[in-house]
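Shown next, in structure tokens, is the structure this report addresses.
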Amino acid sequence: MTSANPDARQGVFAKLAASGAHQKLLAFASLLILLLGFTLASPNFMQTTNIIAILQATSVNGVLAVATTLVIITGGIDLSIGTLMTFTAVMTGAVLTNLGLPLPLGVLTALGTGAFCGLCSGTFVAKMKIPPFIATLGMMLILKGLSLVISGTRPIYFNNTPGFDQISLGSVIGAVIPSLPIPNGVLILFLVAGAASYILSRTVLGRYCFALGSNEESVRLSGVNTDWWKIAIYTLSGAIVGIGGLLIASRLNSAQPALGLGYELEAIAAVVIGGTSLSGGRGTILGTLIGALIMAVLTNGLRILSVAQEWQTVVTGAIIILAVYADQVRRKKAA
């Protein structure tokens, strides 16, 4: 019996590396290992209430990671998503609590604020030619300051807005299937992820998103207005972050102006763990969701095992470094 052709096997592995499919498989396997490990380490891990808590935590970070995926696929980066999430929550609080306007206007405020800030970031990057790292770092500081100014450095509570907490904590699925009380925040995450996946795979915006990350100069030389498309992608990403702002504010029933820093790092880690390349041109929403679940499971499991918060931060930092290193190795193999 003859063995398989080594060249053929290498060709298969090369195709898997180029597509990023093997990275999603590795990420999914890592998720299963984490679930098994924490289940064996603590009998409290696999309880229904804890699984719901993991999904609830994933809903916010997952939405932010989906927004980050769009930007990173273009070859950019967005360090402002954490503070933008906070700023959209504060603006929602200003409209609903301070001005007493109806709930739908608060929702539109969050989406519109996110989209406008994304538009600004995209303009800085595309038109002013400021490197994405610097442009979004500056936006991060601006939004952090504005959140504190508008809120007066105090939390804005939504106690007088009936139904606001149900955006994240309610359960439409649970009302139909009482044995399956999946929070609305999780449902919203999957709806956002499904819409983003459709945009990336089925629309012109998605095609240009990958094209910009693969070879922006070639796209420009072909006569495409790359600046316009890049601004559109940042705007869409900002609107998605606005949804994340609604979810976190609804879950806490308040807009916390000092919240937000650090969320962008977890989102970037989830994106890279899921197989999206930091160099741009490759990535999937499914991989990002797996990465977000890994981050949520890890944080929850360490907390259940009573690992100190400072060590949880150390582990998160180590994961980010390993994820970026894995991306570099993956790019070299695919080259």
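Residues are named by chain letter and number: chains run A, B, ... in the order of the structure tokens, numbers start at 1 in each chain, and ligands are numbered from 1 in the order shown.
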Discussion item. What's around stretch 195-203 of chain A at 10 Å? Count only C-alpha atoms, leave out sequence neighbours fewer than 6 positions away in its own chain, and write the answer as a VMD selection string.
Written reply: chain A and resid 66 to 67 69 to 70 73 189 209 to 210 236 to 237 240 283 to 286
Take the selection from the previous step and output its residues with all heavy atoms, as a short mmCIF file (atom, residue, chain, number, x, y, z; two decimals), in the first residue's frame.
```cif
data_model
loop_
_atom_site.label_atom_id
_atom_site.label_comp_id
_atom_site.auth_asym_id
_atom_site.auth_seq_id
_atom_site.Cartn_x
_atom_site.Cartn_y
_atom_site.Cartn_z
N VAL A 66 -17.05 41.91 16.61
CA VAL A 66 -17.57 41.92 15.24
C VAL A 66 -17.24 43.25 14.57
O VAL A 66 -16.78 43.29 13.42
CB VAL A 66 -19.10 41.68 15.24
CG1 VAL A 66 -19.69 41.99 13.86
CG2 VAL A 66 -19.42 40.25 15.62
N ALA A 67 -17.45 44.35 15.30
CA ALA A 67 -17.11 45.67 14.76
C ALA A 67 -15.62 45.77 14.46
O ALA A 67 -15.21 46.31 13.42
CB ALA A 67 -17.53 46.76 15.75
N THR A 69 -13.60 43.33 13.76
CA THR A 69 -13.25 42.45 12.64
C THR A 69 -13.32 43.20 11.31
O THR A 69 -12.43 43.06 10.47
CB THR A 69 -14.20 41.24 12.59
OG1 THR A 69 -14.11 40.52 13.83
CG2 THR A 69 -13.85 40.30 11.45
N LEU A 70 -14.36 43.99 11.13
CA LEU A 70 -14.53 44.71 9.87
C LEU A 70 -13.34 45.64 9.61
O LEU A 70 -12.83 45.72 8.50
CB LEU A 70 -15.82 45.52 9.91
CG LEU A 70 -17.13 44.74 10.09
CD1 LEU A 70 -18.31 45.70 10.16
CD2 LEU A 70 -17.33 43.73 8.97
N ILE A 73 -9.93 43.63 9.00
CA ILE A 73 -9.86 43.01 7.67
C ILE A 73 -9.38 44.02 6.63
O ILE A 73 -8.69 43.66 5.66
CB ILE A 73 -11.23 42.43 7.27
CG1 ILE A 73 -11.51 41.17 8.10
CG2 ILE A 73 -11.28 42.08 5.77
CD1 ILE A 73 -12.88 40.56 7.83
N LEU A 189 -26.55 39.65 19.70
CA LEU A 189 -25.20 39.34 19.23
C LEU A 189 -25.25 38.47 17.98
O LEU A 189 -24.56 38.77 16.98
CB LEU A 189 -24.40 38.62 20.33
CG LEU A 189 -23.10 37.94 19.87
CD1 LEU A 189 -22.12 38.96 19.30
CD2 LEU A 189 -22.48 37.17 21.03
N CYS A 209 -13.99 45.42 1.51
CA CYS A 209 -13.37 45.30 2.82
C CYS A 209 -12.16 44.37 2.73
O CYS A 209 -11.06 44.70 3.20
CB CYS A 209 -14.40 44.74 3.82
SG CYS A 209 -13.89 44.79 5.54
N PHE A 210 -12.34 43.21 2.11
CA PHE A 210 -11.23 42.27 1.93
C PHE A 210 -10.20 42.82 0.94
O PHE A 210 -8.99 42.64 1.14
CB PHE A 210 -11.75 40.92 1.43
CG PHE A 210 -12.44 40.11 2.48
CD1 PHE A 210 -13.82 40.00 2.51
CD2 PHE A 210 -11.70 39.44 3.45
CE1 PHE A 210 -14.46 39.25 3.49
CE2 PHE A 210 -12.32 38.69 4.43
CZ PHE A 210 -13.72 38.59 4.45
N LEU A 236 -19.83 51.87 9.60
CA LEU A 236 -20.60 50.68 9.95
C LEU A 236 -20.09 50.07 11.26
O LEU A 236 -20.88 49.68 12.13
CB LEU A 236 -20.51 49.64 8.82
CG LEU A 236 -21.17 48.28 9.09
CD1 LEU A 236 -22.66 48.45 9.35
CD2 LEU A 236 -20.92 47.33 7.93
N SER A 237 -18.77 50.01 11.39
CA SER A 237 -18.19 49.48 12.62
C SER A 237 -18.63 50.31 13.82
O SER A 237 -18.98 49.75 14.88
CB SER A 237 -16.66 49.48 12.51
OG SER A 237 -16.06 49.10 13.73
N ILE A 240 -22.16 49.49 14.88
CA ILE A 240 -22.21 48.22 15.60
C ILE A 240 -21.75 48.41 17.04
O ILE A 240 -22.32 47.83 17.98
CB ILE A 240 -21.36 47.15 14.88
CG1 ILE A 240 -21.98 46.82 13.51
CG2 ILE A 240 -21.25 45.89 15.72
CD1 ILE A 240 -21.14 45.90 12.67
N GLY A 283 -10.37 37.01 7.24
CA GLY A 283 -11.06 36.93 8.52
C GLY A 283 -12.50 36.51 8.34
O GLY A 283 -13.06 36.63 7.24
N THR A 284 -13.10 35.97 9.40
CA THR A 284 -14.50 35.55 9.37
C THR A 284 -15.18 35.96 10.67
O THR A 284 -14.54 36.05 11.73
CB THR A 284 -14.64 34.03 9.21
OG1 THR A 284 -14.06 33.37 10.35
CG2 THR A 284 -13.96 33.54 7.94
N ILE A 285 -16.46 36.17 10.61
CA ILE A 285 -17.25 36.50 11.79
C ILE A 285 -17.39 35.27 12.69
O ILE A 285 -17.36 35.39 13.92
CB ILE A 285 -18.63 37.04 11.39
CG1 ILE A 285 -18.48 38.32 10.55
CG2 ILE A 285 -19.47 37.33 12.63
CD1 ILE A 285 -17.78 39.46 11.26
N LEU A 286 -17.53 34.09 12.09
CA LEU A 286 -17.63 32.86 12.89
C LEU A 286 -16.40 32.68 13.75
O LEU A 286 -16.50 32.36 14.95
CB LEU A 286 -17.81 31.65 11.97
CG LEU A 286 -17.83 30.28 12.67
CD1 LEU A 286 -18.97 30.22 13.68
CD2 LEU A 286 -17.95 29.15 11.64
#
```
Discussion item. Just want the 10 Å neighbourhood of stretch 301-310 of chain A, counted on only C-alpha atoms, with same-chain residues fewer than 6 positions away dropped. Output as a PyMOL selection string.
Written reply: chain A and resi 34-35+37-39+41-45+50+54+295+316
Closest contacts (stretch 82-184 of chain A/stretch 249-270 of chain A, max 8 Å, only C-alpha atoms) as a Markdown table:
```
| residue | atom | partner | partner_atom | distance |
| --- | --- | --- | --- | --- |
| A:Gly82 | CA | A:Gly260 | CA | 4.3 |
| A:Thr83 | CA | A:Gly260 | CA | 4.8 |
| A:Leu84 | CA | A:Gly260 | CA | 7.8 |
| A:Met85 | CA | A:Gly260 | CA | 6.7 |
| A:Thr86 | CA | A:Gly260 | CA | 5.6 |
| A:Phe87 | CA | A:Pro257 | CA | 7.3 |
| A:Ala89 | CA | A:Ala255 | CA | 5.3 |
| A:Val90 | CA | A:Ala255 | CA | 5.2 |
| A:Gly93 | CA | A:Ala255 | CA | 6.3 |
| A:Lys144 | CA | A:Ala258 | CA | 7.6 |
| A:Ser147 | CA | A:Pro257 | CA | 5.3 |
| A:Leu148 | CA | A:Pro257 | CA | 5.6 |
| A:Ser151 | CA | A:Pro257 | CA | 6.7 |
| A:Thr153 | CA | A:Pro257 | CA | 6.4 |
| A:Arg154 | CA | A:Pro257 | CA | 6.9 |
| A:Pro155 | CA | A:Gln256 | CA | 4.8 |
| A:Ile156 | CA | A:Ala255 | CA | 5.0 |
| A:Tyr157 | CA | A:Ser254 | CA | 4.2 |
| A:Phe158 | CA | A:Asn253 | CA | 5.6 |
| A:Asn159 | CA | A:Asn253 | CA | 7.2 |
| A:Phe164 | CA | A:Ser250 | CA | 5.9 |
| A:Asp165 | CA | A:Ser250 | CA | 4.4 |
| A:Gln166 | CA | A:Ser250 | CA | 7.0 |
| A:Ile167 | CA | A:Ser250 | CA | 6.0 |
| A:Ser168 | CA | A:Ser250 | CA | 5.5 |
| A:Leu169 | CA | A:Arg251 | CA | 6.1 |
```
For the selection you just gave me, I'd like the residues written to a file as a PDB file, in the first residue's frame, keeping C-alpha atoms.
```pdb
ATOM      1  CA  GLY A  82     -14.151  50.619  24.262  1.00  0.00           C
ATOM      2  CA  THR A  83     -14.535  54.327  24.945  1.00  0.00           C
ATOM      3  CA  LEU A  84     -16.929  54.672  21.993  1.00  0.00           C
ATOM      4  CA  MET A  85     -19.116  52.023  23.603  1.00  0.00           C
ATOM      5  CA  THR A  86     -19.109  54.114  26.788  1.00  0.00           C
ATOM      6  CA  PHE A  87     -19.782  57.331  24.898  1.00  0.00           C
ATOM      7  CA  ALA A  89     -24.148  54.662  26.448  1.00  0.00           C
ATOM      8  CA  VAL A  90     -23.660  58.131  27.971  1.00  0.00           C
ATOM      9  CA  GLY A  93     -28.488  58.276  29.017  1.00  0.00           C
ATOM     10  CA  LYS A 144     -13.184  59.323  27.158  1.00  0.00           C
ATOM     11  CA  SER A 147     -18.099  60.918  28.335  1.00  0.00           C
ATOM     12  CA  LEU A 148     -16.901  62.436  31.595  1.00  0.00           C
ATOM     13  CA  SER A 151     -22.172  62.835  32.374  1.00  0.00           C
ATOM     14  CA  THR A 153     -18.304  62.312  35.888  1.00  0.00           C
ATOM     15  CA  ARG A 154     -21.327  60.576  37.455  1.00  0.00           C
ATOM     16  CA  PRO A 155     -23.231  57.483  36.287  1.00  0.00           C
ATOM     17  CA  ILE A 156     -26.508  58.075  34.470  1.00  0.00           C
ATOM     18  CA  TYR A 157     -29.219  55.657  35.589  1.00  0.00           C
ATOM     19  CA  PHE A 158     -32.159  54.433  33.515  1.00  0.00           C
ATOM     20  CA  ASN A 159     -34.577  53.761  36.380  1.00  0.00           C
ATOM     21  CA  PHE A 164     -34.590  49.641  28.915  1.00  0.00           C
ATOM     22  CA  ASP A 165     -33.059  46.832  30.970  1.00  0.00           C
ATOM     23  CA  GLN A 166     -35.001  44.314  28.886  1.00  0.00           C
ATOM     24  CA  ILE A 167     -32.894  45.142  25.822  1.00  0.00           C
ATOM     25  CA  SER A 168     -30.107  43.023  27.281  1.00  0.00           C
ATOM     26  CA  LEU A 169     -31.571  41.152  30.242  1.00  0.00           C
TER      27      LEU A 169
END
```
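Nearest to A:Ala115 of all the residues A:Ile231, A:Ile182, A:Leu103, A:Leu36 is A:Ile231, based on only C-alpha atoms.
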Worksheet item: Residues at most 10 Å from A:Leu293, counting only C-alpha atoms, excluding those fewer than 2 positions away in the same chain, as a ChimeraX atom specification?
Response: /A:27-28,31,54-55,57-59,61-62,270,274,287-291,295-299
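In terms of minimum interatomic distance to A:Thr48, A:Ser179 ranks closest within A:Thr161, A:Thr136, A:Ser179, A:Ser121, counting only C-alpha atoms.
With atom CA of A:Val125 on one side and atom CA of A:Gly112 on the other, the separation reads 19.9 Å.
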Practice prompt. Give me, please, the distance in Å between atom CA of A:Ile33 and atom CA of A:Asn184, quoted to one decimal.
Written response: 27.3 Å
Worksheet item: Pick the closest to A:Val192 from A:Ala65, A:Val176, A:Ile294, A:Val71: which is it, counting only C-alpha atoms?
Response: A:Ala65
Worksheet entry | Backbone-only DSSP, alpha helix (DSSP H) members of stretch 59-193 of chain A, as a PyMOL selection string | chain A and resi 59-73+81-93+103-126+132-151+166-169+172-176+184-193
Worksheet entry | Close residues, A:Leu105 itself excluded, 10 Å, only C-alpha atoms, min 5 positions apart in chain, as an MDAnalysis selection string | chainID A and resid 92 95:96 110:111
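Interatomic distance, atom CA of A:Arg220 against atom CA of A:Gly75: 14.7 Å.
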